[in-house]
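Everything below concerns the one structure shown next.
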Amino acid sequence: MTGQAVSEAGRAEPQAAAGRVALDGVSVRYPGRNAVALEVSLAVEAGELVGVAGRTGAGKSTLALTAGGFVPRVVHARVGGSVTIDGVDALTATQSALAGRVGIVFSTPANQLSASKLTVREELAFGLENLTVPRSEMDGRIDEVLDRLAIAHLADRDPFALSGGEQQRVAIASILVMGTSVLVLDEPVAQLDPAGSRGVASLLRQLAGEGHAVLCTEHDPDVLAATDRCLVLNSGRSVALDLPGTALGSAVQRPLGLRPPTLVELAELAGLPPRQAFDEEAVAAELARHDFRRQIEMPALGMPGDEMLDWMPIRSEPTPHLLVSDLVHRYAGGPEVLRGVTMTARPGETIAIVGQNGSGKTTLVKHFDGLLRPDSGSVEIDGRDIAAVPVGSIARTVGLVFQNPDDQLFNRSVEREVAFGPHNLGLDGGRARDLVDRAIELAGLMSVRTTNPYDLGLSTRKLVALASVLAMEPGILILDEPTTGQDGPGVARVGAIVDAYRRAGRTVVAITHDMEFAAEHFERVVVMREGAIIADGAPADVLSADRSALLASTGLVPPVAARVGARLGLSRTPTMAALLEALSRR
Amino acid sequence: MSAAAGYYRPGHSWLHARNPLTKLLALLWLVLAAFLLPGLALPVLVGLVAVIAGSAGLLQATIRSLRIPALLFASILLVNAFLYPGAHDFLARLGPLAVTREGVTFGLVSAGRLLVAFSASIVFLFTTLADDLLEALVERGIGHRIAFLVLSAVQMVPRLQGRAAAILEAQQARGLQTGGSIVSRTRALVPLAAPIVLGSLIDVRERTFALEARAFGAKPGRTAYRQVPDPAVDRLLRWLILAAGVAVLAVAVTRPLA
Amino acid sequence: MSFDWTHLCAANETTPCVQPVQVAYLAALLLGVAIFAVALARSRYLQTATLTLIPVAIAINIAMGSIVAYLKLPIYLDSIGTVLVGVLCGPLAGALTGLLANLIWSILPLPGGGGPTIAFFAPVGGVIGLMAGFWASRGVFRLRTGDPRVGSFLALALGVAAAAVALLVVQQTVGIANVGGTPDEQNRFVLMSVAILIVAVVVAFASRRSVFAFNQDDGRIVPSLVIATGIAAGVLVLAVVRLLFAPGGYFSTVNGEQDFLNGLNLTGLAFADPAGMIGAVAVGALAAAGAGFWASRGENARLFPVWVGGLTTGFVAASMSAPIAAGVFGGVTGAGTDALVALFRTLGLNVFQSAFAQGLTSDPLDKTISYTVVFLILTALPVTVRTMFVRGEETVVE
């Protein structure tokens with residue numbers, strides 16, 4: 001870096017980030033819709049990290065786009081009030097006036113790259129090229145940012161070959177390198193594994209510490225816990241703007257039909273002030289002092305929306321037994337992705353598969369329905385090797401819901417989309433109609449039956465994809481990351497589907513990064529690392545604090561309830577319910 | 001190397017070190033010469049390409065790459081040898097079909113021209129990174145937006161190929177039949193085509209925001225990070241190639257196509 | 001130095017001369033360069049959304065190619081992305097997409113790709129994008145069956161039909177003059193072409209002002225569309241039957257041998273004898289009735305304008321790629337359609353004619369299916385995406 005001189009093109013030098021973003025009485029209305037998408041006042045000061053929480057459709061993305069200066073210039077909408085970004089009036093500013101002042105990052109890592117560069121170093125140079133920064137300054141600025149974000153080791157890698165977490169860091173770096181002082185993120189960790197999420201959360205904290213103004217919408221409690229203040233949105237309007245411990249507390253969340261994060265709930269139970277709501281140690285210490293035997297009233301764990309759901313089987317085939325033995329798989333020319341995996345899924349079992357990205361989880365489940373064939377080893381359904389059975393026939397017994405719903409949705413209504421599977425199976429009209437109705441009802445999509453799936457948000461589209469496989473009523477239902485991007489009620493809905501399907505005697509296997517979800521809804525947890533199973537057992541055994549080192553080796557941490565339980569000398573408390581019960585018996 | 005590097009083979013030969021524009025001009029000259037000079041010049045041109053490829057250590061790779069257009073060459077030779085319209089000079093008969101001298105000549109000349117065009121192009125692609133070529137072209141005044149379009153498309157191709165494979169799997173998991181009669185295969189078209197287009201369009205929305213946030217298109221100009229060396233020998237070579245081009249045109253005008 | 005060779009070749013000329021094929025190729029090349037130059041010059045005005053869409057569209061073209069190959073379907077569908085850009089971002093962006101798609105296809109090692117030489121077809125891709133943009137701006141992808149502008153497409157179809165009838169009449173009465181014949185014959189050829197063109201324009205214009213002058217929600221629109229779809233389907237079936245099974249019929253200027261495939265004579269299936277003619281007409285009428293019934297249901301008939309756009313794009317694409325295939329590739333392209341080229345050669349067509357005939361049998365069908373697929377996809381496009389692109393709101397159906 002050559003010095004203090006501000007180049008004629010670049011704005012402030014990266015160190016001197018001192019912008020702020022202010023939304024003053026802003027209202028946003030999309031064309032053709034009467035409802036206000038957003039009506040909010042908010043200022044994010046330099047050096048501050050502000051989180052935005054709220055249900056899906058509450059206006060978080062609209063807020064991110066507005067604070068990022070895209071409304072109404074790129075996203076057409078009627079806007080009232082004023083938006084000031086780093087001293088520029090964003091509602092009237094041209095792109096060149098805003099360039100280099102504000103950056104935005106969304107949840108899909110690969111979409112944040114320019115997709116025109118061969119190395120991370122060139123990717124970072126892209127913004128500098130566009131700002132016409134002299135060539136002689138570029139390397140210095142790039143190296144400075146690479147060092148600051150601790151990604152210098154990635155400099156010469158192909159950006160597309162990085163993990164999602166690394167890609168998000170590169171995306172943030174490529175914005176910061178432009179000297180940008182305001183950073184807006186819209187659910188940046190939704191598609192990352194736990195290790196990636198924690199990395200991004202601590203990076204955001206660091207950037208605020210360095211003087212950036214950071215605004216971040218998120219469902220993930222770890223990220224929200226790291227914020228200075230947290231804004232809660234409901235139907236586009238601000239419900240609370242306070243310390244995260246308060247904004248995410250019961251008083252704000254429950255009226256919205258949302259459940260506070262487990263740690264916040266425990267802190268409230270222990271009677272801690274909001275400032276300490278995310279302090280695990282303090283929570284445990286305070287809980288230890290309480291005598292729960294005398295406490296008659298347990299906190300209301302149930303939510304208004306999570307009544308028990310049921311699945312009445314329509315197809316009469318019995319649930320099959322799945323057995324994979326010594327499974328080895330390698331992608332053409334690459335190393336082994338699966339290195340001798342053996343596991344069973346007995347009829348009616350629910351199994352969660354966890355592990356960091358790249359540990360082979362998706363590769364494994366794709367063998368269950370024959371999409372991938374093993375290089376050695378076997379997959380047996382009810383004792384019959386499926387090596388020679390075509391995928392189309394296995395689809396009758398094994399249903400796989402992919403992580404990205406956009407890989408399969410194509411019909412012009414939810415109803416038609418859900419009917420696609422039963423139609424392919426050649427089920428007759430009456431039974432097919434019943435299956436479609438029940439799948440739509442179980443997934444909670446009655447109100448959007450005739451809507452175009454692509455007019456729904458990503459989290460609802462995931463439920464549509466799930467319903468479309470449910471409607472085939474497979475004996476074994478496999479879900480790949482069903483909860484990513486879902487808000488609290490969305491996760492609860494997926495959990496209720498898992499429970500209902502298990503009660504109907506069917507098998508459910510789910511890949512997930514959400515440890516609490518795994519602990520609450522599954523009888524078995526399988527932990528994978530580098531193509532092998534390293535643990536397999538009940539959640540209470542596998543997701544416990546004494547297995548922390550093992551879990552950490554594949555990027556995982558035990559769920560909050562297990563961690564707090566361990567501090568209290570309790571084992572086998574993977575869920576909040578288990579923890580409270582253990583406390584009351586103590 | 002990433003999939004987006006295409007045919008490029010990293011190396012340090014004298015050909016790798018040439019400026020992309022020099023190589024592009026040489027390629028254009030070879031194609032022009034192949035199509036404008038009489039068929040008898042073709043062996044010389046093929047030899048020239050072979051010598052250039054050999055001197056850069058790429059002769060074997062070039063020969064191996066010929067399997068790409070092998071079917072095309074076979075098609076050209078066979079269809080013309082047997083089915084050249086209006087030919088009367090029969091060389092051999094094979095049942096109802098006959099090999100004609102005119103057909104064989106026409107097929108050989110057509111295939112020869114294509115051989116020069118193909119092998120010259122592949123040697124060019126082996127030794128030239130698209131990023132360097134476009135940067136050199138941008139220096140010569142081609143819009144940097146065009147360069148972005150090409151480079152981005154080159155990166156998107158393997159990604160969408162991967163996406164097509166994922167969609168195929170996702171739909172098969174829902175029981176979609178992709179084999180069988182032509183009717184059932186045609187039915188599979190929209191379930192496979194629509195998600196790839198709709199999903200990509202939704203991504204385009206996010207990618208547009210990402211590019212705007214990176215100041216893409218914010219200023220009329222642009223500075224280049226990638227630097228493409230252009231030594232004096234390249235400038236000399238380009239003048240020589242231009243002179244050779246004029247010579248080919250002169251020959252073509254005075255001695256028209258046979 | 002002599003310039004004696006600078007004239008078009010006459011039939012069987014042996015002295016140096018210029019083949020019509022070469023002139024056509026030169027014209028295609030110049031057109032390609034012109035489109036490219038304009039597109040380059042205009043590229044600085046493209047919006048970021050357009051610049052993001054174009055690379056994706058190019059990749060869609062290539063990915064569709066591999067999907068079709070996987071399904072083993074006898075079509076290409078490799079211009080779906082190009083058509084999409086033409087629709088959403090306008091003709092010039094479409095042209096740029098088509099041109100670059102061919103260039104990129106040629107520089108990437110792709111399974112089934114023909115290697116660098118595919119680049120020769122870049123002008124064809126450009127024109128496909130240009131036409132998609134043009135047709136989209138005429139409303140092809142957003143017309144409902146009650147829209148009076150549908151009349152333009154019906155009139156255009158009637159004009160083309162009139163031209164076809166005129167061509168048949170000329171062929172049956174005076175016969176069509178050979179392009180490569182004497183100057184007198186060449187003049188006659190040009191005169192006939194102009195006359196046929198005038199017939200088409202006059203019929204289209206007159207019908208647009210009379211029968212097809214509709215009011216908003218005119219009750220006659222849907223029946224006209226249904227009938228037109230039916231007739232078009234019938235004629236298409238007839239044409240294919242004739243094209244494939246009537247060696248001497250369709251290209252009557254060619255001295256085709258009547259006994260290909262060991263003397264098996266299939267002309268009976270076309271118009272040559274009364275029984276064949278009745279059979280062919282019956283097949284055509286059945287096809288027409290079926291298509292008409294289908295078109296009368298729901299909004300199916302709105303596909304008619306889409307098909308007009310696809311067919312015309314296909315014809316133009318075929319007539320552009322033929323000289324390239326003939327001039328550069330000796331008439332074949334190494335694809336499965338070479339079998340068709342071989343078939344047309346056995347029918348006695350020359351290098352250029354058989355490449356053209358091959359294109360005519362596959363391109364219009366391919367582009368029609370491409371337009372249909374794009375239309376179906378656009379109907380499922382979410383509002384947020386549609387409104388991002390310059391032309392999205394005006395060209396795409398809601």
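Simple scheme: letters A, B, ... for chains in structure tokens order, numbers from 1 for residues in each chain, numbers from 1 for ligands in the order shown.
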Discussion item. Env of Glu39 in chain A: 7 Å cut, atoms = only C-alpha atoms, seq-sep filter 6 positions within chain, self excluded. Answer as an MDAnalysis selection string.
Written reply: chainID A and resid 25:28 236:237
Worksheet item: Any idea what's packed within 12 Å of range 35-43 of chain B, counting only C-alpha atoms, ignoring anything in its chain fewer than 6 positions away? Could you give it as a PyMOL selection string?
Response: (chain B and resi 28-29+49-50+105-117+245-258) or (chain C and resi 22+327-330)
Item to complete: Write out as an NGL selection string all residues of range 119-169 of chain A that DSSP puts in alpha helix (DSSP H) for this structure's backbone.
Response: :A and (120-130 or 135-148 or 164-169)
Worksheet item: Quick one: residues within 9 Å of range 137-141 of chain C, only C-alpha atoms counted, chain neighbours fewer than 2 positions away excluded, as a ChimeraX atom specification?
Response: /C:87,90-91,132-135,143-144,149-150,153,302-309,371,374-375,378-379,391,394-397
Discussion item. Could you tell me which residues of chain A sit within 7 Å of chain B when counting only C-alpha atoms, and give me the result as a PyMOL selection string?
Written reply: chain A and resi 95-96+99-100+102-105+111-112+114-116+125+127+129-135+158+175+371+391-392+395+399-400+402+406-410+421+424-425+469
Discussion item. Which residues are close to Ala471 in chain A, i.e. within 12 Å by only C-alpha atoms, leaving aside same-chain residues fewer than 3 positions away? Reply as an MDAnalysis selection string.
Written reply: (chainID A and resid 311:315 395:396 399:401 415:425 427 431:443 464:468 474:475 477 501) or (chainID B and resid 174:175)
Selected residues, N, CA and C atoms, written as a CSV table (one decimal), in the first residue's frame, please.
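The result, stored in again.csv:
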```
chain,number,residue,atom,x,y,z
A,311,TRP,N,-49.9,-38.4,9.2
A,311,TRP,CA,-49.9,-38.9,7.9
A,311,TRP,C,-50.6,-40.2,7.8
A,312,MET,N,-51.7,-40.2,7.1
A,312,MET,CA,-52.4,-41.5,6.9
A,312,MET,C,-51.9,-42.2,5.7
A,313,PRO,N,-51.2,-43.3,5.8
A,313,PRO,CA,-50.7,-44.0,4.6
A,313,PRO,C,-51.8,-44.3,3.6
A,314,ILE,N,-51.5,-44.2,2.3
A,314,ILE,CA,-52.4,-44.5,1.3
A,314,ILE,C,-51.9,-45.7,0.5
A,315,ARG,N,-50.6,-45.7,0.2
A,315,ARG,CA,-50.0,-46.9,-0.5
A,315,ARG,C,-49.8,-47.9,0.5
A,395,ALA,N,-37.4,-45.2,-7.2
A,395,ALA,CA,-38.2,-44.0,-6.8
A,395,ALA,C,-39.5,-44.3,-6.1
A,396,ARG,N,-40.0,-45.5,-6.4
A,396,ARG,CA,-41.3,-45.9,-5.7
A,396,ARG,C,-41.0,-46.2,-4.2
A,399,GLY,N,-37.6,-42.0,-1.7
A,399,GLY,CA,-37.8,-40.6,-2.2
A,399,GLY,C,-36.7,-39.7,-1.7
A,400,LEU,N,-36.1,-39.0,-2.6
A,400,LEU,CA,-35.0,-38.1,-2.2
A,400,LEU,C,-35.4,-36.7,-2.5
A,401,VAL,N,-35.4,-35.8,-1.5
A,401,VAL,CA,-35.6,-34.4,-1.7
A,401,VAL,C,-34.3,-33.6,-1.7
A,415,GLU,N,-49.9,-27.2,-6.9
A,415,GLU,CA,-50.7,-28.4,-7.0
A,415,GLU,C,-50.1,-29.3,-8.1
A,416,ARG,N,-49.9,-28.7,-9.3
A,416,ARG,CA,-49.4,-29.5,-10.4
A,416,ARG,C,-48.0,-30.1,-10.1
A,417,GLU,N,-47.2,-29.3,-9.4
A,417,GLU,CA,-45.8,-29.7,-9.1
A,417,GLU,C,-45.9,-30.9,-8.2
A,418,VAL,N,-46.8,-30.9,-7.2
A,418,VAL,CA,-46.8,-32.0,-6.2
A,418,VAL,C,-47.4,-33.2,-6.9
A,419,ALA,N,-48.2,-33.0,-7.9
A,419,ALA,CA,-48.8,-34.2,-8.6
A,419,ALA,C,-47.8,-34.8,-9.6
A,420,PHE,N,-46.7,-34.2,-9.9
A,420,PHE,CA,-45.8,-34.7,-10.9
A,420,PHE,C,-45.2,-36.1,-10.5
A,421,GLY,N,-44.9,-36.3,-9.2
A,421,GLY,CA,-44.3,-37.6,-8.8
A,421,GLY,C,-45.3,-38.7,-8.9
A,422,PRO,N,-46.5,-38.6,-8.2
A,422,PRO,CA,-47.5,-39.6,-8.3
A,422,PRO,C,-47.9,-39.9,-9.8
A,423,HIS,N,-47.9,-38.9,-10.7
A,423,HIS,CA,-48.2,-39.1,-12.1
A,423,HIS,C,-47.1,-40.0,-12.7
A,424,ASN,N,-45.8,-39.7,-12.4
A,424,ASN,CA,-44.7,-40.5,-12.9
A,424,ASN,C,-44.8,-42.0,-12.4
A,425,LEU,N,-45.3,-42.2,-11.2
A,425,LEU,CA,-45.4,-43.5,-10.7
A,425,LEU,C,-46.6,-44.3,-11.3
A,427,LEU,N,-49.8,-43.8,-10.6
A,427,LEU,CA,-50.8,-44.1,-9.7
A,427,LEU,C,-52.2,-43.6,-10.3
A,431,ARG,N,-56.3,-42.2,-6.0
A,431,ARG,CA,-55.3,-42.3,-5.0
A,431,ARG,C,-54.3,-41.2,-5.2
A,432,ALA,N,-54.0,-40.8,-6.4
A,432,ALA,CA,-53.0,-39.8,-6.7
A,432,ALA,C,-53.6,-38.5,-6.1
A,433,ARG,N,-54.9,-38.2,-6.3
A,433,ARG,CA,-55.5,-37.0,-5.8
A,433,ARG,C,-55.4,-36.9,-4.3
A,434,ASP,N,-55.7,-38.1,-3.6
A,434,ASP,CA,-55.6,-38.1,-2.2
A,434,ASP,C,-54.2,-37.8,-1.7
A,435,LEU,N,-53.2,-38.5,-2.4
A,435,LEU,CA,-51.8,-38.3,-2.0
A,435,LEU,C,-51.4,-36.8,-2.1
A,436,VAL,N,-51.8,-36.2,-3.2
A,436,VAL,CA,-51.5,-34.8,-3.4
A,436,VAL,C,-52.1,-33.9,-2.4
A,437,ASP,N,-53.4,-34.2,-2.1
A,437,ASP,CA,-54.0,-33.4,-1.0
A,437,ASP,C,-53.3,-33.5,0.3
A,438,ARG,N,-53.0,-34.7,0.7
A,438,ARG,CA,-52.4,-34.9,2.0
A,438,ARG,C,-51.0,-34.3,2.1
A,439,ALA,N,-50.2,-34.5,1.0
A,439,ALA,CA,-48.9,-33.9,1.0
A,439,ALA,C,-48.9,-32.4,1.1
A,440,ILE,N,-49.9,-31.8,0.4
A,440,ILE,CA,-50.0,-30.3,0.5
A,440,ILE,C,-50.4,-29.9,1.9
A,441,GLU,N,-51.3,-30.7,2.5
A,441,GLU,CA,-51.8,-30.3,3.8
A,441,GLU,C,-50.6,-30.5,4.8
A,442,LEU,N,-49.9,-31.6,4.7
A,442,LEU,CA,-48.9,-31.8,5.7
A,442,LEU,C,-47.8,-30.8,5.6
A,443,ALA,N,-47.5,-30.3,4.4
A,443,ALA,CA,-46.4,-29.3,4.2
A,443,ALA,C,-47.0,-27.9,4.5
A,464,VAL,N,-42.4,-27.0,-1.0
A,464,VAL,CA,-43.1,-27.5,-2.2
A,464,VAL,C,-42.3,-28.8,-2.7
A,465,ALA,N,-41.0,-28.7,-2.8
A,465,ALA,CA,-40.2,-29.8,-3.3
A,465,ALA,C,-40.4,-31.0,-2.3
A,466,LEU,N,-40.4,-30.7,-1.0
A,466,LEU,CA,-40.6,-31.8,0.0
A,466,LEU,C,-42.0,-32.4,-0.3
A,467,ALA,N,-43.0,-31.6,-0.4
A,467,ALA,CA,-44.4,-32.1,-0.6
A,467,ALA,C,-44.4,-33.0,-1.9
A,468,SER,N,-43.7,-32.6,-2.9
A,468,SER,CA,-43.7,-33.3,-4.2
A,468,SER,C,-43.2,-34.7,-4.1
A,474,PRO,N,-43.0,-42.5,-0.4
A,474,PRO,CA,-41.9,-43.5,-0.4
A,474,PRO,C,-41.8,-44.1,1.0
A,475,GLY,N,-41.4,-45.4,1.0
A,475,GLY,CA,-41.2,-46.1,2.3
A,475,GLY,C,-40.1,-45.4,3.0
A,477,LEU,N,-38.0,-41.9,3.2
A,477,LEU,CA,-37.9,-40.5,2.8
A,477,LEU,C,-36.6,-39.9,3.2
A,501,TYR,N,-44.4,-38.6,9.7
A,501,TYR,CA,-44.0,-39.7,8.8
A,501,TYR,C,-43.5,-40.9,9.6
B,174,ARG,N,-37.8,-38.3,-8.7
B,174,ARG,CA,-39.3,-38.1,-8.6
B,174,ARG,C,-39.9,-39.0,-9.6
B,175,GLY,N,-39.2,-40.0,-10.1
B,175,GLY,CA,-39.7,-41.0,-11.0
B,175,GLY,C,-39.8,-40.6,-12.5
```
Within 9 Å of chain C: each chain A residue with its shortest pair, only C-alpha atoms, as JSON lines:
```
{"residue": "A:Val74", "atom": "CA", "partner": "C:Met388", "partner_atom": "CA", "distance": 7.2}
{"residue": "A:Val75", "atom": "CA", "partner": "C:Met388", "partner_atom": "CA", "distance": 7.0}
{"residue": "A:His76", "atom": "CA", "partner": "C:Thr387", "partner_atom": "CA", "distance": 7.5}
{"residue": "A:Phe410", "atom": "CA", "partner": "C:Ala380", "partner_atom": "CA", "distance": 7.5}
{"residue": "A:Asn411", "atom": "CA", "partner": "C:Ala380", "partner_atom": "CA", "distance": 7.3}
{"residue": "A:Arg412", "atom": "CA", "partner": "C:Ala380", "partner_atom": "CA", "distance": 5.5}
{"residue": "A:Ser413", "atom": "CA", "partner": "C:Ala380", "partner_atom": "CA", "distance": 8.7}
{"residue": "A:Asn452", "atom": "CA", "partner": "C:Ala380", "partner_atom": "CA", "distance": 6.7}
{"residue": "A:Pro453", "atom": "CA", "partner": "C:Ala380", "partner_atom": "CA", "distance": 8.4}
{"residue": "A:Tyr454", "atom": "CA", "partner": "C:Pro382", "partner_atom": "CA", "distance": 5.5}
{"residue": "A:Asp455", "atom": "CA", "partner": "C:Pro382", "partner_atom": "CA", "distance": 5.1}
{"residue": "A:Leu456", "atom": "CA", "partner": "C:Pro382", "partner_atom": "CA", "distance": 8.6}
```
Discussion item. Please identify the strand (DSSP E) residues within range 85-251 of chain B (assignment by DSSP from backbone atoms) and present them as a PyMOL selection string.
Written reply: chain B and resi 90-94+97-100
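Relative to CA of Thr108 in chain A, CA of Val71 in chain A is found at 20.5 Å.
Comparing C:Val83, C:Ile107, C:Leu225, C:Leu154 by their smallest distance to Ala295 in chain C, the closest is C:Leu225 (using only C-alpha atoms).
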